[in-house]
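One structure below.
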Amino acid sequence: MAFGIGLSGLNAQEQQAYKVGLVGFYNLENLFDTIDDPKKNDQEFLPDGTNQWNTEKYLSKLHNMAYAISTIGTDWSPDGVAVLGLSEMENRHVLEDLVAQPEIKGRNYQIVHYDSPDSRGVDVALIYNPKYFKPTSSKSYRTVVPDQPKFRTRDQLLVSGLFDGEMMHFIVMHWPSRAGGEKRSMPGRVAAAELCRHIADSILNDDPDAKIIMMGDFNDYPDNKTLTKHLRALGDMKNLRNGEFFNPMYDLHKKGIGTNYYRDVPGVLDQTILTPALLPTDFSTYQFKNVKVHNKEFLKQHGGKYNGYPFRTFGSGVWMDGYSDHFPVYVVLLKKV
């Protein structure tokens, strides 16, 4: 069970005392179908495109993604993640194909997805196991950059519902990239950070004790100002001030444990951020226990120039038949039985 007892991620005493809930995020790295969509910039991922994207490659990509998802968090629970945020998929159709794969079909993952205006046509989404999470509402939010009327990026997705009977809110994001340079592209990520802050504040205004998990590919690191200043997400759980969120990825970033590699340097672009109501006290409700980068050996490239990097689908234009250029991440929540 995703909410179970007797799990290898806990010691013997904890196994008898706690339920476990897992919430994760995974950048799928360009999960495109093979069909031309004239409304999207999907030329790379067509049979006659630069990637020569065909049915064989698409089916292999689906299998690889499903297998990777099937393993996330199984050290803690045999059912893996109950809720999983996703990014870089072309449309709902590819998500339907993904959750129907044999590796995860038995979990009966359901989909929450909205089309985004992103120029490449990729979106964010959330899949969930209905045994453990029951959505009550969802909404998609548009990121707007002042003075850039033609700016387009992924929308932010808010899904609220009952997580094993407890109300929780999930915000799934894929902030604008650093294309064109970090400084030049910064306004897009500042706007994304402020939008996320607005969404979270609107929930907290109604319920100051709301449990919110913000997750995604931020295209910035935990110590960048977009997160520390604009989102107000910090890494010191014990010294948070009023209005600040906790970023459990901060320590991993400082330790050099990356979710993505850039010029041989590991960095944490994929993050999960929590409101104070999720921080550990007495575990009478679901509260934060741990955060993990799911960097199993099969998800890594072995040998060569990129040894240890995420084993991705394409490298230097060559089909590698890998997984993604990002490792998945997930948080472990515990609740007393």
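So you can find residues: chains in the structure tokens are A, B, ... in the order shown, residues in each start at 1, and ligands are numbered from 1 in order.
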
Problem - Backbone DSSP call of strand (DSSP E or B) for segment 227-318 of chain A, listed as a ChimeraX atom specification - result: /A:233-234,245-246,260-262,265-267,270-274,287-293,300,310,314-315,318

Exercise for the section: Would you mind listing what lies within 9 Å of Ile35 of chain A as a list in words, with only C-alpha atoms counted and same-chain residues fewer than 4 positions away left out? Expected result: Asp42, Phe45, Leu46 and Pro47 of chain A

Generate the output file for the selected residues, C-alpha atoms, as a PDB file, in the first residue's frame.
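New file again_33.pdb:
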ATOM      1  CA  ASP A  42       6.679  19.580 -32.362  1.00  0.00           C
ATOM      2  CA  PHE A  45       9.469  14.823 -32.642  1.00  0.00           C
ATOM      3  CA  LEU A  46       8.002  13.710 -35.948  1.00  0.00           C
ATOM      4  CA  PRO A  47       9.133  10.793 -38.149  1.00  0.00           C
TER       5      PRO A  47
END

Please produce, as JSON lines, a per-residue contact table for segment 153-243 of chain A versus segment 126-131 of chain A (criterion: any atom at most 10 Å away, only C-alpha atoms considered), showing the nearest atom pair and its distance in Å to one decimal, sorted by chain then residue number.
{"residue": "A:Leu157", "atom": "CA", "partner": "A:Leu126", "partner_atom": "CA", "distance": 8.1}
{"residue": "A:Leu158", "atom": "CA", "partner": "A:Leu126", "partner_atom": "CA", "distance": 9.2}
{"residue": "A:Val159", "atom": "CA", "partner": "A:Leu126", "partner_atom": "CA", "distance": 8.0}
{"residue": "A:Phe163", "atom": "CA", "partner": "A:Lys131", "partner_atom": "CA", "distance": 9.4}
{"residue": "A:Asp164", "atom": "CA", "partner": "A:Lys131", "partner_atom": "CA", "distance": 8.2}
{"residue": "A:Phe170", "atom": "CA", "partner": "A:Leu126", "partner_atom": "CA", "distance": 8.7}
{"residue": "A:Ile171", "atom": "CA", "partner": "A:Leu126", "partner_atom": "CA", "distance": 9.2}
{"residue": "A:Val172", "atom": "CA", "partner": "A:Leu126", "partner_atom": "CA", "distance": 7.3}

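Closest approach to Arg263 of chain A from the set A:Asp207, A:Pro149, A:Gly73, A:Tyr309 is made by A:Tyr309, with distances taken over only C-alpha atoms.
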
Write out as CSV a residue-level contact list of segment 210-314 of chain A versus segment 85-101 of chain A with cut-off 9 Å: for each qualifying residue the closest pair of atoms and the distance in Å to one decimal, counting only C-alpha atoms, rows sorted by chain and residue number upward.
residue,atom,partner,partner_atom,distance
A:Met215,CA,A:Gly85,CA,7.1
A:Gly216,CA,A:Gly85,CA,7.1
A:Asp217,CA,A:Ser87,CA,7.7

Would you mind exporting the chosen residues as a short mmCIF file (atom, residue, chain, number, x, y, z; two decimals), in the first residue's frame, restricted to N, CA and C atoms?
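Final output, saved to selection_19.cif:
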data_model
loop_
_atom_site.label_atom_id
_atom_site.label_comp_id
_atom_site.auth_asym_id
_atom_site.auth_seq_id
_atom_site.Cartn_x
_atom_site.Cartn_y
_atom_site.Cartn_z
N MET A 215 5.81 21.89 -6.23
CA MET A 215 6.83 21.01 -6.80
C MET A 215 6.98 21.28 -8.29
N GLY A 216 8.20 20.99 -8.77
CA GLY A 216 8.42 21.17 -10.19
C GLY A 216 9.89 21.32 -10.55
N ASP A 217 10.09 21.59 -11.84
CA ASP A 217 11.40 21.94 -12.37
C ASP A 217 11.46 23.46 -12.36
#

Practice task
Could you give me, as a PyMOL selection string, each residue of segment 10-229 of chain A that DSSP assigns to helix (DSSP H, G or I) when run on this structure's backbone?
Solution key: chain A and resi 12-17+43-45+55-71+92-99+105-107+182-206+225-229

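For the residues A:Gly180, A:Pro102, A:Gly256, A:Pro146, ranking by smallest atom-to-atom distance to Ile69 of chain A using only C-alpha atoms places A:Pro102 first.
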
Practice task
Mind checking which residues fall within 9 Å of Ser70 of chain A, counting only C-alpha atoms, ignoring those fewer than 5 positions away in the same chain, and posting them as an MDAnalysis selection string?
Solution key: chainID A and resid 65 79:81 103:104

Completion exercise
Taken to one decimal, the atom CA of Arg241 of chain A-atom CA of Pro276 of chain A distance is 9.9 Å

Extract, using only C-alpha atoms, all DNA, RNA and protein residues at most 12 Å from Lys150 of chain A, discarding same-chain residues fewer than 2 positions from it, and format them as a tab-separated table (two decimals) with N, CA and C atoms, in the first residue's frame.
chain	number	residue	atom	x	y	z
A	117	PRO	N	0.19	27.37	-22.96
A	117	PRO	CA	0.55	28.13	-24.17
A	117	PRO	C	2.03	28.06	-24.52
A	118	ASP	N	2.78	27.18	-23.88
A	118	ASP	CA	4.23	27.09	-24.08
A	118	ASP	C	4.56	26.98	-25.57
A	119	SER	N	5.60	27.66	-26.00
A	119	SER	CA	5.94	27.70	-27.42
A	119	SER	C	6.34	26.33	-27.96
A	143	THR	N	1.21	32.26	-16.43
A	143	THR	CA	2.32	33.12	-16.03
A	143	THR	C	2.43	34.29	-17.00
A	144	VAL	N	2.42	35.49	-16.46
A	144	VAL	CA	2.49	36.71	-17.26
A	144	VAL	C	3.72	37.51	-16.83
A	145	VAL	N	4.51	37.95	-17.81
A	145	VAL	CA	5.67	38.79	-17.54
A	145	VAL	C	5.36	40.22	-17.95
A	146	PRO	N	5.38	41.16	-17.03
A	146	PRO	CA	5.12	42.55	-17.39
A	146	PRO	C	6.07	43.03	-18.49
A	147	ASP	N	5.53	43.78	-19.42
A	147	ASP	CA	6.30	44.35	-20.53
A	147	ASP	C	6.74	43.31	-21.56
A	148	GLN	N	6.28	42.07	-21.45
A	148	GLN	CA	6.56	41.05	-22.45
A	148	GLN	C	5.25	40.39	-22.88
A	152	ARG	N	5.47	33.34	-23.42
A	152	ARG	CA	4.69	32.11	-23.27
A	152	ARG	C	5.52	31.08	-22.51
A	153	THR	N	4.90	30.43	-21.57
A	153	THR	CA	5.56	29.35	-20.85
A	153	THR	C	4.50	28.38	-20.32
A	188	GLY	N	11.23	35.93	-16.39
A	188	GLY	CA	10.24	34.87	-16.52
A	188	GLY	C	10.14	34.04	-15.26

Problem - Exercise: Asp201 of chain A partners within 10 Å, only C-alpha atoms, chain neighbours under 6 positions left out, as a list in words - result: Leu195, Asp207, Pro208, Ala210 and Gly243 of chain A

Using only N, CA and C atoms, please write the residues we just selected to a file, as a short mmCIF file (atom, residue, chain, number, x, y, z; two decimals), in the first residue's frame.
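Generated output (part-v3.cif):
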data_model
loop_
_atom_site.label_atom_id
_atom_site.label_comp_id
_atom_site.auth_asym_id
_atom_site.auth_seq_id
_atom_site.Cartn_x
_atom_site.Cartn_y
_atom_site.Cartn_z
N LEU A 195 3.88 34.17 -9.12
CA LEU A 195 2.60 33.52 -9.35
C LEU A 195 2.39 32.37 -8.36
N ASP A 207 -7.11 29.41 4.82
CA ASP A 207 -6.75 28.42 5.83
C ASP A 207 -5.26 28.58 6.16
N PRO A 208 -4.93 29.31 7.21
CA PRO A 208 -3.51 29.54 7.55
C PRO A 208 -2.74 28.26 7.82
N ALA A 210 -3.04 25.49 6.03
CA ALA A 210 -3.17 24.65 4.83
C ALA A 210 -1.86 23.91 4.55
N GLY A 243 5.38 33.60 7.24
CA GLY A 243 5.23 33.78 5.81
C GLY A 243 6.27 33.07 4.96
#
